file protein25.txt (compact mmCIF, C-alpha atoms)
# COMPACT_ATOMS: atom_id res chain seq x y z
CA MET A 1244 13.84 16.18 -19.18
CA THR A 1245 17.38 17.47 -19.06
CA SER A 1246 18.06 20.41 -16.78
CA THR A 1247 19.75 22.32 -19.61
CA ALA A 1248 16.80 22.17 -22.01
CA LYS A 1249 15.17 25.54 -22.59
CA THR A 1250 12.52 24.31 -24.99
CA LEU A 1251 10.22 21.31 -25.26
CA ASP A 1252 10.14 19.10 -28.36
CA VAL A 1253 6.44 19.09 -29.15
CA SER A 1254 4.81 17.06 -31.93
CA VAL A 1255 1.32 18.20 -32.78
CA TRP A 1256 -1.10 16.41 -35.06
CA ARG A 1257 -2.08 18.59 -38.02
CA SER A 1258 -4.80 17.47 -40.37
CA ASN A 1259 -7.30 18.55 -42.96
CA ASP A 1260 -9.78 16.77 -45.22
CA THR A 1261 -7.10 14.85 -47.09
CA GLY A 1262 -5.05 13.45 -44.21
CA GLY A 1263 -2.60 14.45 -41.55
CA ALA A 1264 0.84 14.18 -39.97
CA PHE A 1265 2.69 15.30 -36.85
CA GLN A 1266 4.38 18.71 -36.99
CA ALA A 1267 7.32 19.54 -34.70
CA PHE A 1268 7.48 22.71 -32.61
CA ALA A 1269 10.03 23.99 -30.07
CA VAL A 1270 8.09 25.49 -27.18
CA PRO A 1271 9.80 27.49 -24.38
CA ILE A 1272 9.63 25.80 -20.98
CA GLN A 1273 7.75 27.72 -18.31
CA GLU A 1274 7.03 27.05 -14.67
CA SER A 1275 3.81 25.14 -13.90
CA GLN A 1276 3.15 24.84 -17.63
CA THR A 1277 0.16 22.77 -18.68
CA ILE A 1278 -0.35 20.93 -21.98
CA LEU A 1279 -3.05 23.45 -22.85
CA ASP A 1280 -0.50 26.24 -22.26
CA VAL A 1281 1.79 24.50 -24.75
CA VAL A 1282 -0.94 24.24 -27.39
CA ALA A 1283 -2.00 27.86 -26.80
CA TRP A 1284 1.62 29.04 -27.11
CA ILE A 1285 1.98 27.31 -30.48
CA GLN A 1286 -1.28 28.80 -31.74
CA GLN A 1287 -0.41 32.31 -30.52
CA ASN A 1288 3.27 32.38 -31.49
CA GLU A 1289 3.96 29.83 -34.22
CA ASP A 1290 0.87 28.98 -36.21
CA PRO A 1291 -2.48 30.77 -35.76
CA THR A 1292 -4.19 28.18 -37.98
CA LEU A 1293 -3.81 25.46 -35.33
CA ALA A 1294 -7.30 24.27 -34.38
CA TYR A 1295 -8.08 23.06 -30.84
CA ARG A 1296 -10.87 23.41 -28.31
CA PHE A 1297 -10.94 24.74 -24.75
CA ALA A 1298 -13.18 26.85 -22.55
CA CYS A 1299 -12.88 26.99 -18.75
CA ARG A 1300 -9.17 26.14 -18.24
CA VAL A 1301 -9.93 24.85 -14.71
CA GLY A 1302 -11.09 21.28 -15.32
CA MET A 1303 -14.83 21.89 -15.23
CA CYS A 1304 -16.08 22.10 -18.81
CA GLY A 1305 -14.52 18.98 -20.36
CA SER A 1306 -13.66 20.74 -23.65
CA CYS A 1307 -9.88 20.45 -23.87
CA ALA A 1308 -9.27 16.68 -23.79
CA MET A 1309 -6.56 15.41 -26.17
CA MET A 1310 -4.20 12.47 -26.51
CA VAL A 1311 -0.95 13.36 -24.73
CA ASN A 1312 1.93 10.94 -25.29
CA GLY A 1313 -0.64 8.31 -26.23
CA LYS A 1314 -2.99 8.76 -23.27
CA PRO A 1315 -6.25 10.73 -23.24
CA ARG A 1316 -6.00 13.60 -20.76
CA TRP A 1317 -7.66 16.89 -19.77
CA THR A 1318 -4.96 19.22 -21.04
CA CYS A 1319 -5.82 22.22 -18.84
CA ARG A 1320 -5.08 20.23 -15.67
CA THR A 1321 -2.17 18.18 -17.02
CA HIS A 1322 1.20 19.58 -16.08
CA VAL A 1323 3.96 19.16 -18.65
CA GLN A 1324 6.41 17.96 -16.00
CA LYS A 1325 4.13 15.07 -15.03
CA VAL A 1326 3.74 13.60 -18.53
CA ILE A 1327 6.92 14.55 -20.36
CA SER A 1328 8.96 11.71 -21.79
CA GLY A 1329 12.61 12.58 -22.56
CA ASN A 1330 11.78 16.26 -23.27
CA LYS A 1331 9.24 15.11 -25.88
CA ILE A 1332 5.50 15.62 -25.92
CA GLU A 1333 3.17 14.25 -28.57
CA ILE A 1334 -0.26 15.86 -28.75
CA ALA A 1335 -3.01 14.35 -30.89
CA PRO A 1336 -6.80 14.55 -31.14
CA LEU A 1337 -8.89 12.18 -29.00
CA ARG A 1338 -9.18 8.58 -30.21
CA ASN A 1339 -12.47 7.09 -31.33
CA LEU A 1340 -13.91 10.38 -32.60
CA PRO A 1341 -13.86 11.93 -36.08
CA VAL A 1342 -11.34 14.77 -36.40
CA ILE A 1343 -12.64 18.11 -37.63
CA LYS A 1344 -9.20 19.70 -37.91
CA ASP A 1345 -5.89 19.28 -36.07
CA LEU A 1346 -6.74 18.70 -32.38
CA ALA A 1347 -10.47 19.44 -32.58
CA THR A 1348 -12.70 16.37 -32.71
CA ASP A 1349 -16.35 16.10 -33.65
CA MET A 1350 -18.11 15.27 -30.36
CA ASP A 1351 -21.50 14.54 -31.99
CA PRO A 1352 -21.19 10.71 -31.92
CA PHE A 1353 -20.30 10.90 -28.22
CA PHE A 1354 -23.30 13.03 -27.28
CA ASP A 1355 -25.67 11.18 -29.63
CA LYS A 1356 -24.87 8.04 -27.67
CA TRP A 1357 -25.76 9.76 -24.37
CA VAL A 1358 -29.24 10.29 -25.78
CA LYS A 1359 -29.36 6.75 -27.19
CA ALA A 1360 -28.46 5.38 -23.73
CA GLU A 1361 -31.43 7.35 -22.32
CA GLY A 1362 -28.93 9.49 -20.44
CA VAL A 1363 -31.57 12.19 -20.29
CA PHE A 1364 -33.79 13.01 -17.33
CA HIS A 1365 -37.28 11.44 -17.36
CA PRO A 1366 -39.40 13.70 -15.12
CA SER A 1367 -42.07 12.13 -12.94
CA LYS A 1368 -43.77 15.22 -11.50
CA THR A 1369 -45.22 18.52 -12.58
CA ARG A 1370 -44.44 21.92 -11.07
CA ASP A 1371 -47.61 21.59 -9.00
CA ASP A 1372 -46.41 18.49 -7.15
CA ALA A 1373 -44.44 18.60 -3.93
CA ILE A 1374 -40.66 18.28 -4.30
CA GLU A 1375 -39.45 14.71 -3.91
CA GLN A 1376 -37.70 14.15 -0.59
CA ILE A 1377 -34.35 12.46 -1.12
CA ASP A 1378 -32.56 10.54 1.59
CA PRO A 1379 -28.86 11.27 0.91
CA THR A 1380 -27.83 8.11 2.78
CA SER A 1381 -30.02 5.72 0.77
CA HIS A 1382 -28.25 3.04 -1.30
CA GLU A 1383 -29.62 4.39 -4.59
CA ARG A 1384 -28.59 7.97 -3.86
CA THR A 1385 -25.11 6.86 -2.80
CA GLU A 1386 -24.74 4.92 -6.08
CA ALA A 1387 -25.91 7.92 -8.09
CA ASP A 1388 -23.64 10.33 -6.21
CA ILE A 1389 -20.55 8.27 -7.08
CA GLY A 1390 -21.05 8.86 -10.81
CA ILE A 1391 -22.55 12.34 -11.11
CA GLU A 1392 -19.31 14.33 -11.28
CA CYS A 1393 -18.83 13.45 -14.97
CA ILE A 1394 -17.84 16.52 -17.03
CA ASN A 1395 -18.53 14.95 -20.47
CA CYS A 1396 -14.89 15.28 -21.52
CA SER A 1397 -14.93 12.05 -23.56
CA ILE A 1398 -11.60 10.89 -22.11
CA CYS A 1399 -13.11 7.52 -21.10
CA TYR A 1400 -14.63 7.20 -24.58
CA ALA A 1401 -11.19 7.78 -26.14
CA ALA A 1402 -9.50 5.31 -23.76
CA CYS A 1403 -11.98 2.49 -24.39
CA ASP A 1404 -11.01 -0.31 -26.80
CA ALA A 1405 -14.60 -1.60 -26.89
CA VAL A 1406 -15.58 1.74 -28.45
CA SER A 1407 -12.82 1.28 -31.06
CA THR A 1408 -13.95 -2.21 -32.02
CA THR A 1409 -17.75 -1.96 -31.66
CA GLU A 1410 -19.16 0.88 -33.71
CA ASP A 1411 -22.53 1.12 -31.97
CA TYR A 1412 -21.18 0.67 -28.42
CA LEU A 1413 -22.61 3.49 -26.30
CA GLY A 1414 -19.37 3.96 -24.35
CA PRO A 1415 -18.48 4.42 -20.67
CA ALA A 1416 -19.70 8.02 -20.17
CA ALA A 1417 -23.18 7.49 -21.63
CA LEU A 1418 -23.66 4.28 -19.64
CA ASN A 1419 -22.36 5.91 -16.46
CA ARG A 1420 -24.94 8.67 -16.96
CA ALA A 1421 -27.66 6.06 -17.53
CA TRP A 1422 -26.65 4.35 -14.26
CA THR A 1423 -26.83 7.58 -12.23
CA LEU A 1424 -30.30 8.30 -13.64
CA PHE A 1425 -31.40 4.72 -12.97
CA ASN A 1426 -30.54 5.30 -9.32
CA ASP A 1427 -32.16 8.73 -9.18
CA ALA A 1428 -35.44 8.61 -7.22
CA LYS A 1429 -36.73 11.57 -9.27
CA ASP A 1430 -36.27 9.79 -12.61
CA SER A 1431 -39.30 7.85 -13.84
CA GLY A 1432 -37.64 6.09 -16.78
CA LYS A 1433 -36.00 3.09 -15.13
CA GLN A 1434 -37.39 0.50 -17.58
CA THR A 1435 -36.72 2.83 -20.52
CA ILE A 1436 -33.09 3.08 -19.40
CA LEU A 1437 -32.76 -0.69 -18.97
CA ASP A 1438 -34.27 -1.30 -22.43
CA ALA A 1439 -31.85 1.20 -23.99
CA VAL A 1440 -28.72 -0.11 -22.29
CA SER A 1441 -29.49 -3.79 -22.86
CA ALA A 1442 -29.92 -3.37 -26.62
CA ASN A 1443 -27.09 -4.03 -29.10
CA GLY A 1444 -24.09 -1.87 -28.25
CA GLY A 1445 -25.30 -1.42 -24.68
CA CYS A 1446 -23.72 -2.33 -21.36
CA HIS A 1447 -23.15 -5.96 -22.38
CA SER A 1448 -20.64 -4.82 -25.02
CA CYS A 1449 -18.29 -3.72 -22.22
CA HIS A 1450 -15.37 -6.14 -21.75
CA SER A 1451 -14.35 -4.71 -18.35
CA MET A 1452 -10.94 -3.59 -19.59
CA GLY A 1453 -10.99 -0.75 -17.06
CA SER A 1454 -9.31 1.89 -19.25
CA CYS A 1455 -12.25 4.23 -18.57
CA ALA A 1456 -11.70 4.10 -14.81
CA GLU A 1457 -7.95 4.40 -15.28
CA ALA A 1458 -8.21 7.48 -17.51
CA CYS A 1459 -11.09 9.40 -15.90
CA PRO A 1460 -9.67 12.74 -14.70
CA ASN A 1461 -12.37 13.00 -12.03
CA GLU A 1462 -11.52 9.51 -10.74
CA LEU A 1463 -14.96 8.12 -11.53
CA ASN A 1464 -15.38 4.43 -12.29
CA PRO A 1465 -17.66 4.01 -15.32
CA MET A 1466 -16.77 0.29 -15.41
CA ALA A 1467 -18.43 -0.14 -11.99
CA SER A 1468 -21.50 1.77 -13.23
CA ILE A 1469 -21.68 -0.48 -16.29
CA ALA A 1470 -21.38 -3.55 -14.02
CA GLY A 1471 -24.38 -2.16 -12.09
CA LEU A 1472 -26.35 -1.89 -15.33
CA LYS A 1473 -25.34 -5.45 -16.27
CA ARG A 1474 -26.73 -6.71 -12.94
CA GLU A 1475 -29.95 -4.74 -13.24
CA THR A 1476 -30.59 -5.76 -16.86
CA ALA A 1477 -30.00 -9.40 -15.90
CA LYS A 1478 -32.39 -9.08 -12.92
CA ALA A 1479 -35.04 -7.45 -15.12
CA PHE A 1480 -34.62 -10.21 -17.72
CA PHE A 1481 -35.18 -13.02 -15.21
CA ALA A 1482 -38.01 -11.14 -13.47
CA ARG A 1483 -39.77 -10.80 -16.84
CA ARG A 1484 -39.39 -14.52 -17.53
CA LYS A 1485 -40.88 -15.35 -14.12
CA SER A 1486 -43.98 -13.19 -14.54
CA MET B 980 3.94 -2.78 -28.47
CA ILE B 981 1.30 -2.08 -25.84
CA ARG B 982 -0.01 1.42 -26.42
CA PRO B 983 0.20 3.86 -23.47
CA HIS B 984 -3.55 4.03 -22.77
CA ARG B 985 -3.54 0.24 -22.23
CA SER B 986 -0.61 0.01 -19.82
CA HIS B 987 -2.51 -0.62 -16.59
CA PRO B 988 -3.23 -3.80 -14.55
CA LEU B 989 -6.93 -4.08 -15.47
CA TRP B 990 -6.14 -4.14 -19.18
CA PHE B 991 -3.37 -6.72 -18.63
CA ALA B 992 -5.87 -8.87 -16.71
CA PHE B 993 -8.30 -8.52 -19.64
CA ILE B 994 -5.74 -9.47 -22.31
CA LEU B 995 -4.41 -12.41 -20.26
CA HIS B 996 -7.97 -13.73 -19.88
CA ARG B 997 -8.64 -13.27 -23.60
CA ILE B 998 -5.39 -14.88 -24.81
CA SER B 999 -5.69 -17.82 -22.38
CA GLY B 1000 -9.31 -18.29 -23.50
CA VAL B 1001 -8.41 -18.36 -27.20
CA ALA B 1002 -5.47 -20.72 -26.54
CA LEU B 1003 -7.73 -23.09 -24.56
CA ALA B 1004 -10.39 -22.96 -27.28
CA LEU B 1005 -7.75 -24.09 -29.77
CA PHE B 1006 -6.38 -26.77 -27.41
CA LEU B 1007 -9.62 -28.36 -26.20
CA PRO B 1008 -10.74 -29.93 -29.54
CA VAL B 1009 -7.28 -31.55 -29.87
CA HIS B 1010 -7.49 -32.69 -26.23
CA PHE B 1011 -10.87 -34.36 -26.77
CA TRP B 1012 -9.68 -35.93 -30.01
CA VAL B 1013 -6.71 -37.48 -28.20
CA LEU B 1014 -9.01 -38.75 -25.42
CA SER B 1015 -11.31 -40.27 -28.06
CA LEU B 1016 -8.36 -42.37 -29.30
CA ALA B 1017 -8.73 -44.45 -26.10
CA LEU B 1018 -11.96 -45.79 -27.56
CA THR B 1019 -11.27 -45.72 -31.29
CA SER B 1020 -7.55 -46.50 -31.56
CA PRO B 1021 -5.72 -47.45 -28.32
CA GLU B 1022 -2.43 -48.15 -30.18
CA ARG B 1023 -2.32 -44.65 -31.57
CA LEU B 1024 -3.10 -43.26 -28.10
CA ASP B 1025 -0.15 -45.21 -26.64
CA GLY B 1026 2.07 -43.82 -29.38
CA PHE B 1027 0.88 -40.34 -28.58
CA LEU B 1028 1.42 -40.78 -24.84
CA HIS B 1029 5.07 -41.76 -25.44
CA TRP B 1030 5.35 -38.36 -27.03
CA THR B 1031 4.65 -36.76 -23.66
CA ASP B 1032 8.04 -38.01 -22.36
CA ILE B 1033 9.75 -35.34 -24.44
CA THR B 1034 10.81 -32.31 -22.36
CA ALA B 1035 9.37 -29.80 -24.81
CA VAL B 1036 5.97 -31.48 -24.55
CA LYS B 1037 6.23 -31.46 -20.75
CA ILE B 1038 6.86 -27.71 -20.88
CA ALA B 1039 3.89 -27.32 -23.22
CA GLU B 1040 1.75 -29.27 -20.72
CA PHE B 1041 2.86 -26.93 -17.97
CA ALA B 1042 1.85 -24.00 -20.17
CA LEU B 1043 -1.58 -25.54 -20.69
CA VAL B 1044 -2.15 -26.04 -16.97
CA PHE B 1045 -0.97 -22.47 -16.42
CA LEU B 1046 -3.42 -21.21 -19.05
CA LEU B 1047 -6.24 -23.14 -17.39
CA ALA B 1048 -5.38 -21.70 -13.97
CA VAL B 1049 -5.08 -18.18 -15.34
CA HIS B 1050 -8.35 -18.44 -17.24
CA LEU B 1051 -10.16 -19.89 -14.23
CA CYS B 1052 -8.90 -17.11 -11.93
CA GLY B 1053 -9.64 -14.50 -14.60
CA GLY B 1054 -13.18 -15.79 -14.98
CA LEU B 1055 -13.77 -15.73 -11.21
CA ARG B 1056 -12.34 -12.20 -11.07
CA LEU B 1057 -14.64 -11.06 -13.88
CA MET B 1058 -17.72 -12.60 -12.26
CA ALA B 1059 -16.88 -10.97 -8.93
CA LEU B 1060 -16.22 -7.66 -10.68
CA GLU B 1061 -19.50 -7.64 -12.56
CA TRP B 1062 -21.87 -9.50 -10.27
CA LEU B 1063 -20.85 -8.45 -6.78
CA PRO B 1064 -21.45 -4.80 -5.96
CA TRP B 1065 -18.43 -4.61 -3.69
CA SER B 1066 -16.71 -1.42 -2.65
CA PRO B 1067 -13.05 -0.94 -3.72
CA ARG B 1068 -11.99 -1.76 -0.14
CA GLN B 1069 -13.95 -5.01 -0.15
CA LYS B 1070 -12.39 -5.94 -3.49
CA THR B 1071 -8.89 -5.29 -2.11
CA LEU B 1072 -9.64 -7.41 0.96
CA ALA B 1073 -11.01 -10.25 -1.21
CA ALA B 1074 -7.96 -10.15 -3.51
CA GLY B 1075 -5.68 -10.11 -0.45
CA ALA B 1076 -7.51 -13.11 1.06
CA VAL B 1077 -7.13 -15.08 -2.18
CA GLY B 1078 -3.43 -14.19 -2.32
CA VAL B 1079 -2.81 -15.29 1.27
CA SER B 1080 -4.73 -18.55 0.82
CA VAL B 1081 -2.75 -19.35 -2.36
CA LEU B 1082 0.48 -18.70 -0.45
CA ILE B 1083 -0.54 -20.96 2.47
CA SER B 1084 -1.92 -23.78 0.31
CA GLY B 1085 1.12 -23.49 -2.00
CA THR B 1086 3.43 -23.97 0.98
CA PHE B 1087 1.57 -27.15 2.02
CA PHE B 1088 1.56 -28.38 -1.56
CA LEU B 1089 5.31 -27.89 -1.97
CA GLN B 1090 5.93 -29.78 1.30
CA ALA B 1091 3.70 -32.62 0.09
CA ILE B 1092 5.76 -33.14 -3.06
call {"tool": "encode", "arguments": {"input": "protein25.txt", "output": "structure tokens"}}
result
Amino acid sequence: MTSTAKTLDVSVWRSNDTGGAFQAFAVPIQESQTILDVVAWIQQNEDPTLAYRFACRVGMCGSCAMMVNGKPRWTCRTHVQKVISGNKIEIAPLRNLPVIKDLATDMDPFFDKWVKAEGVFHPSKTRDDAIEQIDPTSHERTEADIGIECINCSICYAACDAVSTTEDYLGPAALNRAWTLFNDAKDSGKQTILDAVSANGGCHSCHSMGSCAEACPNELNPMASIAGLKRETAKAFFARRKS
Amino acid sequence: MIRPHRSHPLWFAFILHRISGVALALFLPVHFWVLSLALTSPERLDGFLHWTDITAVKIAEFALVFLLAVHLCGGLRLMALEWLPWSPRQKTLAAGAVGVSVLISGTFFLQAI
């Protein structure tokens, strides 16, 4: 960015049912400005019809992810100065998801795949049973802890080329969730999870490209979680053949 | 052009492994066909082997050996990545050890020739 520039050259994807194109806006530069600030400024000052999604503004809810200069990012925690390229910023809706309007994507396919991956808790006890004692230093708990800080932002899903090329691929976030539940001593659905993630579009559709780990704003490594599922599904397969 | 979300070392390792794999898959049938000439038509094989004196073919041979090496290393990397539950530190140490051993063995190899 040049020191004399007072405004940012921002291209924002605008779309409706019939198609879309980038629209240019000049947005005043402010100190500590985030990409979400830029989008909000455009909506409040230039075009109130601009559609986008946000909620917490502090990197907890995972609502505001968008493509910024070609990379998926959480826009509320992305400073303009860190991603700007020659005073230009291009903001587009997340890849790999249907666009509802402008920057707002339909997250249904993403969450449907969480359910399909059995990324839901499978309780093993009733309220009358004693609470399960968890050893925080156990191998399983350590594995689960590494992946549980996922905020469902879909950034990994947008970064993944396997998602782009394989329609029924469950994606990094859903499989990461399945892996944390698989390692959770309180979850009783281990075999259910393994059956779900070893089906078509499951963990074996991952090509270990690593874009999920690279893009995750919480620095999780879904690729490592998927590798764990690959090992466990392979072990279960050979154990079944033995018995 | 490589799109921004792909510009990181893990994706480059993936694409190198994929391209070298496809190139080897195309090369291997031709390679086996040429080898089969030793049994079916030795004269044609001799004719073909003269071809390998050409510099361009020598460069192509180097490229093939390079592809093989890259694909072999890529395959080992992938197997380690997916089958060994190593911590990031262990992976860095393993990669460092491979790098150092290649450097040492390469030095001996260069002295030998």
call {"tool": "residues_around", "arguments": {"input": "protein25.txt", "residues": "Ile1374 in chain A", "least_positions_apart": "5", "cutoff": "10 Å", "atoms": "all atoms listed in the file", "output": "list in words"}}
result
Lys1368, Thr1369 and Lys1429 of chain A
call {"tool": "closest_atom_pairs", "arguments": {"input": "protein25.txt", "of": "chain B", "to": "chain A", "cutoff": "10 Å", "atoms": "all atoms listed in the file", "output": "CSV"}}
result
residue,atom,partner,partner_atom,distance
B:Arg982,CA,A:Gly1313,CA,6.9
B:Pro983,CA,A:Gly1313,CA,5.3
B:His984,CA,A:Lys1314,CA,4.8
B:Arg985,CA,A:Ser1454,CA,6.7
B:Ser986,CA,A:Ser1454,CA,8.9
B:His987,CA,A:Glu1457,CA,7.5
B:Pro988,CA,A:Gly1453,CA,8.7
B:Leu989,CA,A:Gly1453,CA,5.5
B:Trp990,CA,A:Met1452,CA,4.8
B:Phe991,CA,A:Met1452,CA,8.2
B:Ala992,CA,A:Met1452,CA,7.9
B:Phe993,CA,A:Met1452,CA,5.6
B:Ile994,CA,A:Met1452,CA,8.3
B:Arg997,CA,A:His1450,CA,10.0
B:Leu1057,CA,A:Ser1451,CA,7.8
B:Met1058,CA,A:Ala1470,CA,9.9
B:Leu1060,CA,A:Ala1470,CA,7.4
B:Glu1061,CA,A:Ala1470,CA,4.7
B:Trp1062,CA,A:Arg1474,CA,6.2
B:Leu1063,CA,A:Arg1474,CA,8.7
B:Pro1064,CA,A:Gly1471,CA,7.3
B:Trp1065,CA,A:Ala1467,CA,9.4
B:Ser1066,CA,A:Ala1467,CA,9.6
B:Pro1067,CA,A:Ala1467,CA,9.9
call {"tool": "write_last_selection", "arguments": {"input": "protein25.txt", "atoms": "C-alpha atoms", "output": "PDB file, keeping the file's coordinate frame"}}
result
ATOM      1  CA  ARG B 982      -0.010   1.420 -26.420  1.00  0.00           C
ATOM      2  CA  PRO B 983       0.200   3.860 -23.470  1.00  0.00           C
ATOM      3  CA  HIS B 984      -3.550   4.030 -22.770  1.00  0.00           C
ATOM      4  CA  ARG B 985      -3.540   0.240 -22.230  1.00  0.00           C
ATOM      5  CA  SER B 986      -0.610   0.010 -19.820  1.00  0.00           C
ATOM      6  CA  HIS B 987      -2.510  -0.620 -16.590  1.00  0.00           C
ATOM      7  CA  PRO B 988      -3.230  -3.800 -14.550  1.00  0.00           C
ATOM      8  CA  LEU B 989      -6.930  -4.080 -15.470  1.00  0.00           C
ATOM      9  CA  TRP B 990      -6.140  -4.140 -19.180  1.00  0.00           C
ATOM     10  CA  PHE B 991      -3.370  -6.720 -18.630  1.00  0.00           C
ATOM     11  CA  ALA B 992      -5.870  -8.870 -16.710  1.00  0.00           C
ATOM     12  CA  PHE B 993      -8.300  -8.520 -19.640  1.00  0.00           C
ATOM     13  CA  ILE B 994      -5.740  -9.470 -22.310  1.00  0.00           C
ATOM     14  CA  ARG B 997      -8.640 -13.270 -23.600  1.00  0.00           C
ATOM     15  CA  LEU B1057     -14.640 -11.060 -13.880  1.00  0.00           C
ATOM     16  CA  MET B1058     -17.720 -12.600 -12.260  1.00  0.00           C
ATOM     17  CA  LEU B1060     -16.220  -7.660 -10.680  1.00  0.00           C
ATOM     18  CA  GLU B1061     -19.500  -7.640 -12.560  1.00  0.00           C
ATOM     19  CA  TRP B1062     -21.870  -9.500 -10.270  1.00  0.00           C
ATOM     20  CA  LEU B1063     -20.850  -8.450  -6.780  1.00  0.00           C
ATOM     21  CA  PRO B1064     -21.450  -4.800  -5.960  1.00  0.00           C
ATOM     22  CA  TRP B1065     -18.430  -4.610  -3.690  1.00  0.00           C
ATOM     23  CA  SER B1066     -16.710  -1.420  -2.650  1.00  0.00           C
ATOM     24  CA  PRO B1067     -13.050  -0.940  -3.720  1.00  0.00           C
TER      25      PRO B1067
END
call {"tool": "closest_residue", "arguments": {"input": "protein25.txt", "among": "B:Gly1085, B:Leu1003, B:Ile1092, B:Ala1017", "to": "Ala1042 in chain B", "atoms": "all atoms listed in the file"}}
result
B:Leu1003
call {"tool": "atom_distance", "arguments": {"input": "protein25.txt", "atom1": "CA of Ile1278 in chain A", "atom2": "CA of Val1406 in chain A"}}
result
25.3 Å
call {"tool": "atom_distance", "arguments": {"input": "protein25.txt", "atom1": "CA of Pro1341 in chain A", "atom2": "CA of Val1358 in chain A"}}
result
18.6 Å
call {"tool": "residues_around", "arguments": {"input": "protein25.txt", "residues": "range 1380-1394 of chain A", "least_positions_apart": "5", "cutoff": "10 Å", "atoms": "only C-alpha atoms", "output": "ChimeraX atom specification"}}
result
/A:1302-1306,1416-1417,1419-1428,1459-1465,1467-1468,1471
call {"tool": "closest_residue", "arguments": {"input": "protein25.txt", "among": "B:Val1044, B:Arg1068, B:Gly1078, B:Phe1027", "to": "Val1013 in chain B", "atoms": "all atoms listed in the file"}}
result
B:Phe1027
call {"tool": "closest_residue", "arguments": {"input": "protein25.txt", "among": "B:Leu1014, B:Ile1033, B:Leu1024, B:Ala1048", "to": "Leu995 in chain B", "atoms": "only C-alpha atoms"}}
result
B:Ala1048
call {"tool": "atom_distance", "arguments": {"input": "protein25.txt", "atom1": "CA of Ala1373 in chain A", "atom2": "CA of Lys1433 in chain A"}}
result
20.9 Å
call {"tool": "residues_around", "arguments": {"input": "protein25.txt", "residues": "Thr1476 in chain A", "least_positions_apart": "2", "cutoff": "10 Å", "atoms": "only C-alpha atoms", "output": "VMD selection string"}}
result
chain A and resid 1434 1436 to 1438 1440 to 1441 1446 to 1447 1470 to 1474 1478 to 1482
call {"tool": "residues_around", "arguments": {"input": "protein25.txt", "residues": "Thr1409 in chain A", "least_positions_apart": "5", "cutoff": "10 Å", "atoms": "only C-alpha atoms", "output": "list in words"}}
result
Asp1404, Gly1414, Asn1443, Gly1444, Ser1448 and Cys1449 of chain A
call {"tool": "axis_aligned_box", "arguments": {"input": "protein25.txt", "around": "range 1059-1072 of chain B", "padding_each_side": "6 Å", "output": "AutoDock Vina command-line options"}}
result
--center_x -15.4 --center_y -6.0 --center_z -5.8 --size_x 25.0 --size_y 22.0 --size_z 25.5
call {"tool": "build_atoms", "arguments": {"input": "protein25.txt", "residues": "range 1281-1292 of chain A", "atoms": "N, CA and C atoms", "output": "mmCIF file, in the coordinates of the input"}}
result
data_model
loop_
_atom_site.group_PDB
_atom_site.id
_atom_site.type_symbol
_atom_site.label_atom_id
_atom_site.label_comp_id
_atom_site.auth_asym_id
_atom_site.auth_seq_id
_atom_site.Cartn_x
_atom_site.Cartn_y
_atom_site.Cartn_z
ATOM 1 N N VAL A 1281 0.902 24.822 -23.631
ATOM 2 C CA VAL A 1281 1.790 24.500 -24.750
ATOM 3 C C VAL A 1281 1.054 24.697 -26.083
ATOM 4 N N VAL A 1282 -0.154 24.132 -26.155
ATOM 5 C CA VAL A 1282 -0.940 24.240 -27.390
ATOM 6 C C VAL A 1282 -1.274 25.713 -27.673
ATOM 7 N N ALA A 1283 -1.649 26.445 -26.627
ATOM 8 C CA ALA A 1283 -2.000 27.860 -26.800
ATOM 9 C C ALA A 1283 -0.778 28.664 -27.256
ATOM 10 N N TRP A 1284 0.397 28.331 -26.722
ATOM 11 C CA TRP A 1284 1.620 29.040 -27.110
ATOM 12 C C TRP A 1284 1.890 28.836 -28.609
ATOM 13 N N ILE A 1285 1.735 27.600 -29.056
ATOM 14 C CA ILE A 1285 1.980 27.310 -30.480
ATOM 15 C C ILE A 1285 1.000 28.108 -31.347
ATOM 16 N N GLN A 1286 -0.261 28.114 -30.941
ATOM 17 C CA GLN A 1286 -1.280 28.800 -31.740
ATOM 18 C C GLN A 1286 -1.056 30.311 -31.745
ATOM 19 N N GLN A 1287 -0.594 30.849 -30.621
ATOM 20 C CA GLN A 1287 -0.410 32.310 -30.520
ATOM 21 C C GLN A 1287 0.915 32.786 -31.090
ATOM 22 N N ASN A 1288 1.937 31.921 -31.095
ATOM 23 C CA ASN A 1288 3.270 32.380 -31.490
ATOM 24 C C ASN A 1288 3.834 31.735 -32.757
ATOM 25 N N GLU A 1289 3.365 30.537 -33.076
ATOM 26 C CA GLU A 1289 3.960 29.830 -34.220
ATOM 27 C C GLU A 1289 3.007 29.685 -35.397
ATOM 28 N N ASP A 1290 1.791 29.260 -35.109
ATOM 29 C CA ASP A 1290 0.870 28.980 -36.210
ATOM 30 C C ASP A 1290 -0.572 29.270 -35.792
ATOM 31 N N PRO A 1291 -1.112 30.415 -36.171
ATOM 32 C CA PRO A 1291 -2.480 30.770 -35.760
ATOM 33 C C PRO A 1291 -3.558 29.895 -36.388
ATOM 34 N N THR A 1292 -3.164 29.043 -37.348
ATOM 35 C CA THR A 1292 -4.190 28.180 -37.980
ATOM 36 C C THR A 1292 -4.410 26.894 -37.189
#
